[in-house]
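Engineer: One structure coming up, written as structure tokens, with questions to follow.
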Amino acid sequence: MDITHILDGLNDAQRDAVSGTEKAALILAGAGSGKTRVLVHRVAWLIQVENVSPYAILAVTFTNKAAGEMRERVQQMQQSPVGGMWIGTFHGIAHRLLRMHAQQLGLPDAFQVLDSDDQFRMIKRLLKSMNVDDSRWPPRQVQWYINAQKDEGRRAKHIAPSSDHFEQKMQDIYAEYERGCIRSGLVDFAELLLRAHELLRDNDEIRQHYQQRFKHVLVDEFQDTNTIQYAWLRLLTEESENLYVVGDDDQSIYGWRGAKIENIHRFQKDYPAHKLVKLEQNYRSTSTILKAANALIVNNDGRMGKELWTDGEEGEPISLYSGFNDQDEARFVVDRIRDWASKGHARAEAAILYRSNAQSRLFEEYLMAAGVPYRVYGGQRFFERLEIKNALAYLQLATHHENDAAFERIVNTPTRGLGTRTLDIIRGSARAEQISLWQAAVQLCQGDELTGRASNALSGFLNLIKQISSEMAAGNLHEQVEQAIVRSGLIEFHKKEKGEKGEARVENLEELVNAARQFSYQANEDDSLSELDAFLANAALEAGEAQGDESEDCVQLMTLHSAKGLEFPLVFMTGVEEGLFPSQRSVDDVAKLEEERRLAYVGITRAMQQLYITYAESRRLHGQENYPMPSRFIREIPSELMQEVRLGTKVSRPVVNAHAATSGLQKKAEGGFKMGQRVSHGKFGEGVVLNHEGSGAQARVQVNFAAVGSKWLMLAYAKLDKL
DNA sequence: TAATCAGCTTTTTTT
DNA sequence: AAGCTGATTA
């Protein structure tokens with residue numbers, strides 16, 4: 001067997017990782033160290049060298065993009081087809097398992113996937129019907145609570161009753177939510193994972209079947225796994241112990257979403273015979289950039305320990321720019337990008353990274369003004385658009401009458417005279433009798449509880465859905481979709497909307513028909529769905545691209561989070577200020593602060609050739625002027641790696657003391673109350689000056705008092721003593 | 001039912 | 001600042 005093509009072109013560590021014979025393996029893959037390459041070559045190694053059948057391999061990723069890329073590259077390396085191999089996202093694979101074993105799980109065959117928007121709406125309705133005070137239990141928070149429980153593998157019935165009223169109410173809502181989902185045949189994202197776990201845990205035969213089938217399980221981005229995902233992997237591999245995980249503890253940035261970086265440590269305990277390989281050679285960035293990244297990340301505790309290096313060039317120093325304000329920062333960045341493009345580089349090689357989405361606006365304004373094309377990542381996805389979700393709801397309700405989420409969404413869209421009163425009656429009746437909204441509506445139409453007008457409107461709606469339903473028996477997928485859209489009246493509804501919005505929505509609906517035409521799905525031996533159900537599931541599990549036109553040469557704008565996994569020759573890491581990055585909510589919690597630092601690490605390591613770090617001395621945030629300090633992360637980068645770019649001149653000088661010289665703390669308010677000044681007030685006690693505005697008799701300062709919180713005080717009246 | 005207004009909140013995001 | 005919600009009004 002000629003194995004040279006599998007190992008050729010790999011460095012020693014990569015070869016070690018690809019060809020390991022130990023059962024389990026933990027590959028700590030630093031940024032830009034060829035992680036995907038190792039995974040793909042490992043699969044090839046298993047199949048071609050160890051003669052493992054593709055049928056016995058399961059490869060799991062987090063995003064559809066990563067799964068698609070991996071499938072493509074595996075197929076490229078493989079001379080023979082790899083049809084039997086499972087490659088997919090955690091959620092995609094869980095969905096597949098649930099479909100195949102719906103009966104054992106007590107799920108309806110045609111259960112529907114609830115995306116987070118559906119889930120949110122469902123929770124809102126639930127709170128209303130339970131008469132819960134949604135200012136004490138805001139739907140967002142309830143949603144967060146439920147998902148967090150599920151991510152930890154906890155069912156409502158498993159949670160011990162609480163003496164705390166707030167907590168207990170959360171539990172009650174969770175229990176009620178579960179009942180509602182079951183009644184309507186709905187499964188949310190977290191539920192997919194939870195059910196997949198329970199399936200293996202509670203069914204010996206099924207567990208053994210998959211344990212025997214998947215002799216090799218490979219996981220990408222392992223540091224992002226949550227509790228339930230890890231438990232599932234554990235069940236699947238407890239026999240074979242062949243769990244091959246690739247990840248980077250330094251790039252764990254999803255802790256706030258339930259990812260457990262501790263899983264890496266648990267892995268080391270649970271798979272004692274594992275092989276550990278560190279991939280530290282970086283093929284992406286200059287050594288200057290890597291030195292900066294290394295110096296920053298050593299400030300975190302409890303790391304697995306890794307140091308990136310390259311045999312490439314030292315490259316340019318990192319440029320540090322201190323904007324006079326946020327607009328100046330944006331202007332500077334856009335100027336640099338025009339420079340870059342004028343030297344013949346592609347605009348698409350430049351990326352502007354920021355901590356929060358709100359920051360994109362200014363950059364967009366300045367890019368637009370300068371006529372530089374750009375693309376913002378992370379907007380709304382195609383299948384998440386309102387008009388698309390409405391159209392899909394028609395399809396869902398037509399095929400699955402019990403789907404309450406779909407019923408609620410379209411019962412009065414387009415408006416057909418079914419107001420709050422009628423709907424409350426339907427909801428009340430459904431709730432009282434524990435039946436679906438559809439069934440309740442059918443009963444009410446026959447009874448005499450409704451006024452004639454409401455009854456007419458409602459039966460009109462029911463008949464419309466039935467009609468769409470019967471028409472859908474025939475025709476292929478795109479005809480079914482088109483038929484439903486036309487019948488629903490959604491096109492006319494959106495055409496009536498004023499402005500370009502309605503037009504765009506009509507276009508999107510037409511695009512949906514197109515998407516259906518292009519959708520291809522073959523039911524295979526262990527996985528059969530109607531084409532329509534497959535299309536609907538796909539819409540929920542893969543929401544599509546945020547923006548369509550990738551063709552043009554565009555500057556790339558995105559949050560630091562969405563930049564993970566990408567690389568750009570020219571990177572601007574912007575808004576690097578205390579309170580913004582690290583965000584205000586992270587500064588007094590070590591764990592959160594370390595996650596912010598990892599985010600900065602991710603940002604720095606996106607850059608291939610040139611990295612700019614920018615911050616503003618003054619920034620408008622939530623409509624208020626702020627004077628932030630430069631981020632502590634700047635201080636953690638050795639100054640010899642940076643040069644400060646000065647405004648207006650081409651001369652740049654080394655960074656000497658960027659922090660003291662440019663700190664917002666230096667700005668003085670009226671009366672000498674600068675920010676950060678500790679003061680004492682006769683009534684409120686001691687505090688710290690946070691902000692100031694106005695001058696003369698109008699001068700005010702904002703003081704955060706230890707005892708009473710923050711207050712705005714007029715300097716002319718308040719007696720403040722400096723401490 | 002639609003339109004308008006005051007009040008409130010404000011990271012990060014995939015599935 | 002901006003977007004969303006709830007309430008009020010036409």
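Ordering of the structure tokens sets the chain letters (A, B, ...), residue numbers begin anew at 1 in every chain, and ligands are numbered from 1 in the order given.
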Compute the set of chain A residues within 10 Å of chain C, using only C-alpha atoms (C1' of nucleotides), and express it as an MDAnalysis selection string.
Structural biologist: chainID A and resid 358 620:624
Engineer: Once you have the residues from the selection above, write them out as a PDB file, in the first residue's frame, restricted to N, CA, C and O atoms.
Structural biologist:
ATOM      1  N   ALA A 358     -23.109  46.231  16.447  1.00  0.00           N
ATOM      2  CA  ALA A 358     -23.455  47.648  16.346  1.00  0.00           C
ATOM      3  C   ALA A 358     -22.296  48.461  15.771  1.00  0.00           C
ATOM      4  O   ALA A 358     -22.504  49.508  15.159  1.00  0.00           O
ATOM      5  N   ARG A 620     -19.268  56.986  20.714  1.00  0.00           N
ATOM      6  CA  ARG A 620     -20.699  57.106  20.975  1.00  0.00           C
ATOM      7  C   ARG A 620     -21.288  55.720  21.083  1.00  0.00           C
ATOM      8  O   ARG A 620     -21.207  54.916  20.167  1.00  0.00           O
ATOM      9  N   LEU A 621     -21.858  55.455  22.239  1.00  0.00           N
ATOM     10  CA  LEU A 621     -22.402  54.129  22.472  1.00  0.00           C
ATOM     11  C   LEU A 621     -23.785  54.293  23.092  1.00  0.00           C
ATOM     12  O   LEU A 621     -23.930  55.039  24.065  1.00  0.00           O
ATOM     13  N   HIS A 622     -24.784  53.638  22.534  1.00  0.00           N
ATOM     14  CA  HIS A 622     -26.152  53.783  23.032  1.00  0.00           C
ATOM     15  C   HIS A 622     -26.525  55.259  23.138  1.00  0.00           C
ATOM     16  O   HIS A 622     -27.154  55.685  24.096  1.00  0.00           O
ATOM     17  N   GLY A 623     -26.091  56.047  22.164  1.00  0.00           N
ATOM     18  CA  GLY A 623     -26.470  57.447  22.135  1.00  0.00           C
ATOM     19  C   GLY A 623     -25.756  58.313  23.142  1.00  0.00           C
ATOM     20  O   GLY A 623     -26.139  59.451  23.367  1.00  0.00           O
ATOM     21  N   GLN A 624     -24.725  57.786  23.752  1.00  0.00           N
ATOM     22  CA  GLN A 624     -24.000  58.563  24.752  1.00  0.00           C
ATOM     23  C   GLN A 624     -22.514  58.572  24.456  1.00  0.00           C
ATOM     24  O   GLN A 624     -21.967  57.573  24.007  1.00  0.00           O
TER      25      GLN A 624
END
Engineer: With only C-alpha atoms (C1' of nucleotides) considered, list every residue of chain B at most 7 Å from chain A, as a PyMOL selection string.
Structural biologist: chain B and resi 11-12+14-15
Engineer: Write out as number ranges by chain all residues of range 159-352 of chain A that backbone DSSP assigns to strand (DSSP E or B).
Structural biologist: A: 186-188, 216-219, 226, 243-247, 259, 275-279, 281, 309, 318-323, 350-352
Engineer: At a cut-off of 9 Å, using only C-alpha atoms (C1' of nucleotides), what residues contact Asn226 in chain A? Leave out same-chain residues fewer than 5 positions from it and give the result as an NGL selection string.
Structural biologist: :A and (151-152 or 231 or 255 or 257-261 or 263)
Engineer: Fewer than 6 positions away in the same chain doesn't count, so skip those; otherwise give me all residues within 9 Å of Leu392 in chain A, counting only C-alpha atoms (C1' of nucleotides), as a PyMOL selection string.
Structural biologist: chain A and resi 383+406+481+484-485+536+539
Engineer: How many Å lie between CA of Lys343 in chain A and CA of Leu362 in chain A, rounded to one decimal?
Structural biologist: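 Interatomic distance here is 24.6 Å.
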Engineer: Please return, as an NGL selection string, all residues of range 427-619 of chain A that DSSP assigns to helix (DSSP H, G or I) on the basis of the backbone.
Structural biologist: :A and (427-433 or 437-446 or 452-471 or 477-488 or 490-495 or 500-518 or 531-541 or 560-563 or 584-586 or 590-604)
Engineer: Fewer than 2 positions away in the same chain doesn't count, so skip those; otherwise give me all residues within 8 Å of Thr614 in chain A, counting only C-alpha atoms (C1' of nucleotides), as a ChimeraX atom specification.
Structural biologist: /A:320-323,329,572-576,612,616
Engineer: Quick one, how far is CA of Leu39 in chain A from CA of Gly544 in chain A?
Structural biologist: 24.9 Å
